[in-house]
Amino acid sequence: MTGWIFVPMLLMSIFVMELIYREVPPGWKPRAFGNTGNLPEEVAGYVVERPDFSSFKWEGEGLITLWFDDAWLSQYENAYPMLKERGYKGTIAVPTEYIGYESYLSWDQLRDLQKNGWEVTSHSVSHDCAYIEEDINNIEQELVESKRALLREGLMFDNYVTPCGKVSDELVRLVKKHYKSLRLIGHNLNVLPVRDPYTLEVIGVDLETPLIEIEWWMGEAKRKNMWLILMFHQVEDKENLYGNDIKTMNEILNAVERLDLKVVLPAEVLSIK
Ligand SMILES: [Zn+2]
């Protein structure tokens, strides 16, 4: 009698285990029930495995974040190995609708970056530069749906980067409701500790930016003990208006090394009390 029940139960449990563990990339577990913020748990497809920030300690010095916007594939193929070689972690701003398309990263590549200590941040769903002029519900959709997509894919979703630096009082109110910070594109350094996490400023680096100018900003961060966020787009040997070639990227990283600026993630900086 006992055997009659035991065998089907055993088969059933093998079948369930097979379903749970099938085709899951290494290091990832299906169905996450971790830190889901205010989103329903059932949207989570993977466990959000956050980089380990426990070793981070701010000692009053100037800091730098290397923030890569729009999830270009060249950031993964070219910038990531260059940073890795130096032991630096980067941050990536993801318009969730772009993922998987040609020239952009895949979800697996984003998970790989996060697993290797990078921070993933939201950059809306559609990257529509005119979105803040839209109906309030549409704006909120961009914030909520991108966060939901990141969570579902096991990626971090705490911080938000507004497309094209667009901002309004209404947007700030919504970002405060759904995220821990808002990154703009204002041209400046950030005070440490951060006073208002919803006004983070960056220095954009593109084809036209002289290296000497970037080095000056790095020097300022070092001298004044402030936080410099450098914003990058494509990193490849092609003429992209907003991008950088590999040689320039290398020179920038050499300058970071020479000035001995600590490379940090936004989540680390925002944890400074
Ligand atoms: Zn962008």
# chains A, B, ... in the order shown; residues from 1 in each chain; ligands from 1
$ residues_near_ligand --ligand "ligand 1" --cutoff "10 Å" --atoms "only C-alpha atoms and all ligand atoms" --output "compact mmCIF listing (two decimals) with C-alpha atoms, in the first residue's frame"
# COMPACT_ATOMS: atom_id res chain seq x y z
CA PHE A 68 27.39 53.24 -19.54
CA ASP A 69 24.11 54.36 -21.07
CA ASP A 70 21.66 52.58 -23.38
CA ALA A 71 23.08 49.02 -23.06
CA ALA A 93 21.63 52.16 -17.75
CA VAL A 94 19.15 49.89 -19.53
CA PRO A 95 16.19 50.89 -21.73
CA HIS A 123 16.71 53.82 -18.22
CA SER A 124 12.95 53.63 -18.96
CA SER A 126 11.35 52.93 -24.71
CA HIS A 127 13.99 55.67 -24.27
CA ASP A 128 11.58 58.25 -25.66
CA CYS A 129 13.22 61.65 -25.17
CA VAL A 161 18.37 57.33 -15.36
CA THR A 162 16.00 59.62 -17.26
CA PRO A 163 16.34 59.40 -21.08
CA CYS A 164 18.10 62.42 -22.62
CA GLY A 165 18.31 63.96 -19.13
CA ILE A 185 22.79 64.78 -17.41
CA MET A 231 28.67 58.93 -18.78
CA PHE A 232 29.58 56.82 -21.82
CA HIS A 233 27.73 55.47 -24.84
$ residues_around --residues "Lys176 of chain A" --least-positions-apart "2" --cutoff "12 Å" --atoms "only C-alpha atoms" --output "mmCIF file with N, CA, C and O atoms, in the first residue's frame"
data_model
loop_
_atom_site.group_PDB
_atom_site.id
_atom_site.type_symbol
_atom_site.label_atom_id
_atom_site.label_comp_id
_atom_site.auth_asym_id
_atom_site.auth_seq_id
_atom_site.Cartn_x
_atom_site.Cartn_y
_atom_site.Cartn_z
ATOM 1 N N GLU A 140 4.440 57.139 -15.909
ATOM 2 C CA GLU A 140 4.566 56.167 -14.820
ATOM 3 C C GLU A 140 4.764 54.749 -15.366
ATOM 4 O O GLU A 140 5.517 53.967 -14.809
ATOM 5 N N LEU A 143 8.327 54.048 -16.021
ATOM 6 C CA LEU A 143 9.089 53.797 -14.791
ATOM 7 C C LEU A 143 8.793 52.406 -14.229
ATOM 8 O O LEU A 143 9.697 51.663 -13.867
ATOM 9 N N VAL A 144 7.513 52.091 -14.167
ATOM 10 C CA VAL A 144 7.096 50.837 -13.536
ATOM 11 C C VAL A 144 7.441 49.621 -14.394
ATOM 12 O O VAL A 144 7.970 48.627 -13.895
ATOM 13 N N ASP A 158 17.090 49.558 -8.596
ATOM 14 C CA ASP A 158 16.915 50.594 -7.576
ATOM 15 C C ASP A 158 16.998 52.020 -8.121
ATOM 16 O O ASP A 158 16.335 52.907 -7.615
ATOM 17 N N ASN A 159 17.876 52.207 -9.110
ATOM 18 C CA ASN A 159 18.175 53.575 -9.530
ATOM 19 C C ASN A 159 17.724 53.834 -10.958
ATOM 20 O O ASN A 159 17.735 52.938 -11.792
ATOM 21 N N TYR A 160 17.355 55.090 -11.217
ATOM 22 C CA TYR A 160 16.746 55.441 -12.508
ATOM 23 C C TYR A 160 17.532 56.540 -13.221
ATOM 24 O O TYR A 160 17.943 57.522 -12.598
ATOM 25 N N ASP A 169 8.982 68.388 -12.531
ATOM 26 C CA ASP A 169 8.579 68.158 -11.125
ATOM 27 C C ASP A 169 7.778 66.863 -11.016
ATOM 28 O O ASP A 169 7.931 66.094 -10.068
ATOM 29 N N GLU A 170 6.924 66.650 -12.022
ATOM 30 C CA GLU A 170 6.073 65.461 -12.018
ATOM 31 C C GLU A 170 6.913 64.178 -12.115
ATOM 32 O O GLU A 170 6.671 63.200 -11.415
ATOM 33 N N LEU A 171 7.925 64.229 -12.978
ATOM 34 C CA LEU A 171 8.804 63.062 -13.142
ATOM 35 C C LEU A 171 9.526 62.777 -11.825
ATOM 36 O O LEU A 171 9.594 61.627 -11.384
ATOM 37 N N VAL A 172 10.060 63.816 -11.195
ATOM 38 C CA VAL A 172 10.786 63.624 -9.930
ATOM 39 C C VAL A 172 9.862 62.978 -8.892
ATOM 40 O O VAL A 172 10.259 62.048 -8.184
ATOM 41 N N ARG A 173 8.624 63.448 -8.854
ATOM 42 C CA ARG A 173 7.660 62.886 -7.894
ATOM 43 C C ARG A 173 7.458 61.387 -8.155
ATOM 44 O O ARG A 173 7.470 60.578 -7.233
ATOM 45 N N LEU A 174 7.336 61.031 -9.426
ATOM 46 C CA LEU A 174 7.126 59.621 -9.775
ATOM 47 C C LEU A 174 8.381 58.782 -9.518
ATOM 48 O O LEU A 174 8.288 57.645 -9.046
ATOM 49 N N HIS A 178 9.066 55.304 -7.094
ATOM 50 C CA HIS A 178 9.465 53.982 -7.580
ATOM 51 C C HIS A 178 10.951 53.647 -7.469
ATOM 52 O O HIS A 178 11.327 52.487 -7.613
ATOM 53 N N TYR A 179 11.799 54.652 -7.292
ATOM 54 C CA TYR A 179 13.251 54.406 -7.300
ATOM 55 C C TYR A 179 13.950 55.139 -6.155
ATOM 56 O O TYR A 179 13.406 56.076 -5.582
ATOM 57 N N LYS A 180 15.201 54.712 -5.910
ATOM 58 C CA LYS A 180 15.973 55.328 -4.824
ATOM 59 C C LYS A 180 16.774 56.545 -5.284
ATOM 60 O O LYS A 180 17.304 57.280 -4.463
ATOM 61 N N SER A 181 16.955 56.674 -6.604
ATOM 62 C CA SER A 181 17.694 57.847 -7.081
ATOM 63 C C SER A 181 17.304 58.168 -8.520
ATOM 64 O O SER A 181 16.700 57.348 -9.216
ATOM 65 N N LEU A 182 17.687 59.381 -8.936
ATOM 66 C CA LEU A 182 17.435 59.838 -10.305
ATOM 67 C C LEU A 182 18.716 60.461 -10.843
ATOM 68 O O LEU A 182 19.257 61.393 -10.238
ATOM 69 N N ARG A 183 19.189 59.905 -11.967
ATOM 70 C CA ARG A 183 20.383 60.482 -12.589
ATOM 71 C C ARG A 183 19.985 61.350 -13.764
ATOM 72 O O ARG A 183 19.215 60.923 -14.622
ATOM 73 N N ASP A 196 20.892 65.019 -2.097
ATOM 74 C CA ASP A 196 19.623 64.730 -2.764
ATOM 75 C C ASP A 196 19.871 63.691 -3.867
ATOM 76 O O ASP A 196 20.399 64.018 -4.924
ATOM 77 N N PRO A 197 19.511 62.439 -3.634
ATOM 78 C CA PRO A 197 19.785 61.389 -4.630
ATOM 79 C C PRO A 197 18.956 61.509 -5.910
ATOM 80 O O PRO A 197 19.130 60.721 -6.837
ATOM 81 N N TYR A 198 18.061 62.506 -5.959
ATOM 82 C CA TYR A 198 17.225 62.670 -7.159
ATOM 83 C C TYR A 198 17.721 63.802 -8.069
ATOM 84 O O TYR A 198 16.985 64.292 -8.929
ATOM 85 N N THR A 199 18.987 64.189 -7.866
ATOM 86 C CA THR A 199 19.572 65.235 -8.728
ATOM 87 C C THR A 199 21.008 64.861 -9.100
ATOM 88 O O THR A 199 21.881 65.731 -9.135
#
$ residues_around --residues "segment 202-204 of chain A" --least-positions-apart "2" --cutoff "8 Å" --atoms "only C-alpha atoms" --output "PyMOL selection string"
chain A and resi 183-189+200+206+228-232
$ select_by_dssp --residues "segment 40-183 of chain A" --states "helix (DSSP H, G or I)" --output "PyMOL selection string"
chain A and resi 41-43+73-86+96-98+107-115+131-133+136-152+163-165+169-178
$ closest_residue --among "A:Asp237, A:Glu268, A:Asp112, A:Glu102" --to "Tyr80 of chain A" --atoms "only C-alpha atoms"
A:Asp112
$ residues_around --residues "segment 220-224 of chain A" --least-positions-apart "5" --cutoff "7 Å" --atoms "only C-alpha atoms" --output "ChimeraX atom specification"
/A:61-63,261
$ residues_around --residues "Glu133 of chain A" --least-positions-apart "6" --cutoff "10 Å" --atoms "only C-alpha atoms" --output "NGL selection string"
:A and (139 or 166-168 or 171)
$ write_last_selection --atoms "N, CA, C and O atoms" --output "compact mmCIF listing (two decimals), in the first residue's frame"
# COMPACT_ATOMS: atom_id res chain seq x y z
N ILE A 139 3.95 58.19 -18.42
CA ILE A 139 5.26 58.40 -17.80
C ILE A 139 5.47 57.34 -16.72
O ILE A 139 6.51 56.70 -16.65
N LYS A 166 15.92 64.30 -19.50
CA LYS A 166 14.65 65.04 -19.37
C LYS A 166 14.09 64.92 -17.96
O LYS A 166 14.07 63.85 -17.38
N VAL A 167 13.65 66.09 -17.44
CA VAL A 167 13.15 66.08 -16.07
C VAL A 167 12.04 67.12 -15.91
O VAL A 167 11.98 68.10 -16.63
N SER A 168 11.13 66.85 -14.99
CA SER A 168 10.07 67.79 -14.62
C SER A 168 9.71 67.49 -13.17
O SER A 168 10.10 66.45 -12.64
N LEU A 171 7.93 64.23 -12.98
CA LEU A 171 8.80 63.06 -13.14
C LEU A 171 9.53 62.78 -11.82
O LEU A 171 9.59 61.63 -11.38
$ residues_around --residues "Gln114 of chain A" --least-positions-apart "3" --cutoff "10 Å" --atoms "only C-alpha atoms" --output "compact mmCIF listing (two decimals) with C-alpha atoms, in the first residue's frame"
# COMPACT_ATOMS: atom_id res chain seq x y z
CA VAL A 48 18.04 39.26 -7.89
CA GLU A 49 21.62 38.54 -6.89
CA ARG A 50 23.02 41.88 -5.87
CA PRO A 51 26.74 42.56 -6.06
CA LYS A 89 33.21 47.74 -11.83
CA GLY A 90 30.92 49.64 -14.18
CA THR A 91 27.30 50.70 -14.11
CA ILE A 92 24.86 50.29 -16.96
CA ASP A 108 22.07 36.94 -20.13
CA GLN A 109 24.86 39.43 -20.79
CA LEU A 110 23.30 41.86 -18.32
CA ARG A 111 23.10 39.08 -15.73
CA GLY A 117 29.93 43.18 -9.77
CA TRP A 118 28.35 45.69 -12.13
CA GLU A 119 25.28 47.64 -11.15
CA VAL A 120 22.27 47.61 -13.46
CA GLY A 154 16.95 39.01 -11.90
CA LEU A 155 18.58 42.41 -12.30
CA MET A 156 18.95 45.36 -9.97
$ select_by_dssp --residues "segment 77-173 of chain A" --states "strand (DSSP E)" --output "list in words"
Thr91, Ile92, Ala93, Val94, Glu119, Val120, Thr121, Ser122, Asn159, Tyr160 and Val161 of chain A
$ decode --residues "segment 176-190 of chain A" --atoms "all heavy atoms" --output "CSV table (one decimal), in the first residue's frame"
chain,number,residue,atom,x,y,z
A,176,LYS,N,10.6,59.3,-7.3
A,176,LYS,CA,10.7,59.2,-5.8
A,176,LYS,C,9.8,58.0,-5.4
A,176,LYS,O,10.1,57.4,-4.4
A,176,LYS,CB,10.3,60.5,-5.1
A,176,LYS,CG,11.5,61.5,-5.2
A,176,LYS,CD,11.1,62.8,-4.4
A,176,LYS,CE,12.3,63.7,-4.4
A,176,LYS,NZ,12.0,65.0,-3.9
A,177,LYS,N,8.7,57.9,-6.1
A,177,LYS,CA,7.7,56.8,-5.7
A,177,LYS,C,8.3,55.4,-6.0
A,177,LYS,O,8.0,54.5,-5.3
A,177,LYS,CB,6.4,57.1,-6.5
A,177,LYS,CG,5.3,56.2,-6.1
A,177,LYS,CD,4.0,56.7,-6.8
A,177,LYS,CE,3.0,55.6,-6.9
A,177,LYS,NZ,1.9,56.0,-7.9
A,178,HIS,N,9.1,55.3,-7.1
A,178,HIS,CA,9.5,54.0,-7.6
A,178,HIS,C,11.0,53.6,-7.5
A,178,HIS,O,11.3,52.5,-7.6
A,178,HIS,CB,9.0,53.8,-9.0
A,178,HIS,CG,7.5,53.9,-9.2
A,178,HIS,ND1,6.7,52.9,-8.8
A,178,HIS,CD2,6.8,54.9,-9.8
A,178,HIS,CE1,5.5,53.2,-9.1
A,178,HIS,NE2,5.5,54.4,-9.7
A,179,TYR,N,11.8,54.7,-7.3
A,179,TYR,CA,13.3,54.4,-7.3
A,179,TYR,C,13.9,55.1,-6.2
A,179,TYR,O,13.4,56.1,-5.6
A,179,TYR,CB,13.9,54.9,-8.6
A,179,TYR,CG,13.4,54.1,-9.8
A,179,TYR,CD1,12.3,54.4,-10.5
A,179,TYR,CD2,14.1,52.9,-10.2
A,179,TYR,CE1,11.9,53.7,-11.6
A,179,TYR,CE2,13.7,52.2,-11.3
A,179,TYR,CZ,12.6,52.5,-12.0
A,179,TYR,OH,12.2,51.8,-13.1
A,180,LYS,N,15.2,54.7,-5.9
A,180,LYS,CA,16.0,55.3,-4.8
A,180,LYS,C,16.8,56.5,-5.3
A,180,LYS,O,17.3,57.3,-4.5
A,180,LYS,CB,16.9,54.3,-4.2
A,180,LYS,CG,16.2,53.2,-3.5
A,180,LYS,CD,17.2,52.2,-2.9
A,180,LYS,CE,16.5,51.0,-2.3
A,180,LYS,NZ,17.5,49.9,-1.9
A,181,SER,N,17.0,56.7,-6.6
A,181,SER,CA,17.7,57.8,-7.1
A,181,SER,C,17.3,58.2,-8.5
A,181,SER,O,16.7,57.3,-9.2
A,181,SER,CB,19.2,57.6,-7.0
A,181,SER,OG,19.6,56.8,-8.1
A,182,LEU,N,17.7,59.4,-8.9
A,182,LEU,CA,17.4,59.8,-10.3
A,182,LEU,C,18.7,60.5,-10.8
A,182,LEU,O,19.3,61.4,-10.2
A,182,LEU,CB,16.3,60.9,-10.3
A,182,LEU,CG,16.1,61.7,-11.6
A,182,LEU,CD1,15.7,60.7,-12.8
A,182,LEU,CD2,15.0,62.7,-11.4
A,183,ARG,N,19.2,59.9,-12.0
A,183,ARG,CA,20.4,60.5,-12.6
A,183,ARG,C,20.0,61.3,-13.8
A,183,ARG,O,19.2,60.9,-14.6
A,183,ARG,CB,21.3,59.4,-13.1
A,183,ARG,CG,22.8,59.8,-13.1
A,183,ARG,CD,23.6,59.0,-14.1
A,183,ARG,NE,23.2,59.5,-15.5
A,183,ARG,CZ,23.5,58.9,-16.6
A,183,ARG,NH1,24.1,57.7,-16.6
A,183,ARG,NH2,23.2,59.4,-17.8
A,184,LEU,N,20.5,62.6,-13.8
A,184,LEU,CA,20.2,63.5,-14.9
A,184,LEU,C,21.5,63.6,-15.8
A,184,LEU,O,22.3,62.7,-15.7
A,184,LEU,CB,19.9,64.9,-14.2
A,184,LEU,CG,18.9,64.9,-13.1
A,184,LEU,CD1,18.8,66.2,-12.4
A,184,LEU,CD2,17.5,64.5,-13.7
A,185,ILE,N,21.6,64.6,-16.6
A,185,ILE,CA,22.8,64.8,-17.4
A,185,ILE,C,23.5,66.1,-17.2
A,185,ILE,O,24.3,66.6,-18.0
A,185,ILE,CB,22.6,64.5,-18.9
A,185,ILE,CG1,21.5,65.4,-19.5
A,185,ILE,CG2,22.3,63.1,-19.2
A,185,ILE,CD1,21.4,65.4,-21.0
A,186,GLY,N,23.1,66.8,-16.1
A,186,GLY,CA,23.7,68.1,-15.7
A,186,GLY,C,25.2,67.9,-15.7
A,186,GLY,O,25.7,66.9,-15.3
A,187,HIS,N,25.9,69.0,-16.0
A,187,HIS,CA,27.4,68.9,-16.1
A,187,HIS,C,28.1,69.3,-14.9
A,187,HIS,O,28.5,70.5,-14.7
A,187,HIS,CB,27.7,69.9,-17.3
A,187,HIS,CG,29.0,69.6,-18.0
A,187,HIS,ND1,29.2,68.5,-18.8
A,187,HIS,CD2,30.2,70.3,-18.0
A,187,HIS,CE1,30.4,68.5,-19.3
A,187,HIS,NE2,31.0,69.5,-18.8
A,188,ASN,N,28.2,68.4,-13.9
A,188,ASN,CA,28.9,68.8,-12.7
A,188,ASN,C,29.3,67.6,-11.8
A,188,ASN,O,28.9,66.4,-12.2
A,188,ASN,CB,27.9,69.6,-11.8
A,188,ASN,CG,28.6,70.8,-11.1
A,188,ASN,OD1,29.8,70.6,-10.8
A,188,ASN,ND2,27.9,71.8,-10.8
A,189,LEU,N,30.0,67.9,-10.8
A,189,LEU,CA,30.3,66.8,-9.8
A,189,LEU,C,29.2,66.7,-8.8
A,189,LEU,O,28.4,67.6,-8.7
A,189,LEU,CB,31.6,67.2,-9.0
A,189,LEU,CG,32.9,67.3,-9.9
A,189,LEU,CD1,34.0,68.0,-9.0
A,189,LEU,CD2,33.4,66.0,-10.3
A,190,ASN,N,29.2,65.7,-8.0
A,190,ASN,CA,28.2,65.5,-6.9
A,190,ASN,C,28.9,65.6,-5.5
A,190,ASN,O,30.0,65.1,-5.3
A,190,ASN,CB,27.5,64.1,-7.0
A,190,ASN,CG,26.8,64.0,-8.4
A,190,ASN,OD1,25.7,64.6,-8.5
A,190,ASN,ND2,27.4,63.3,-9.3
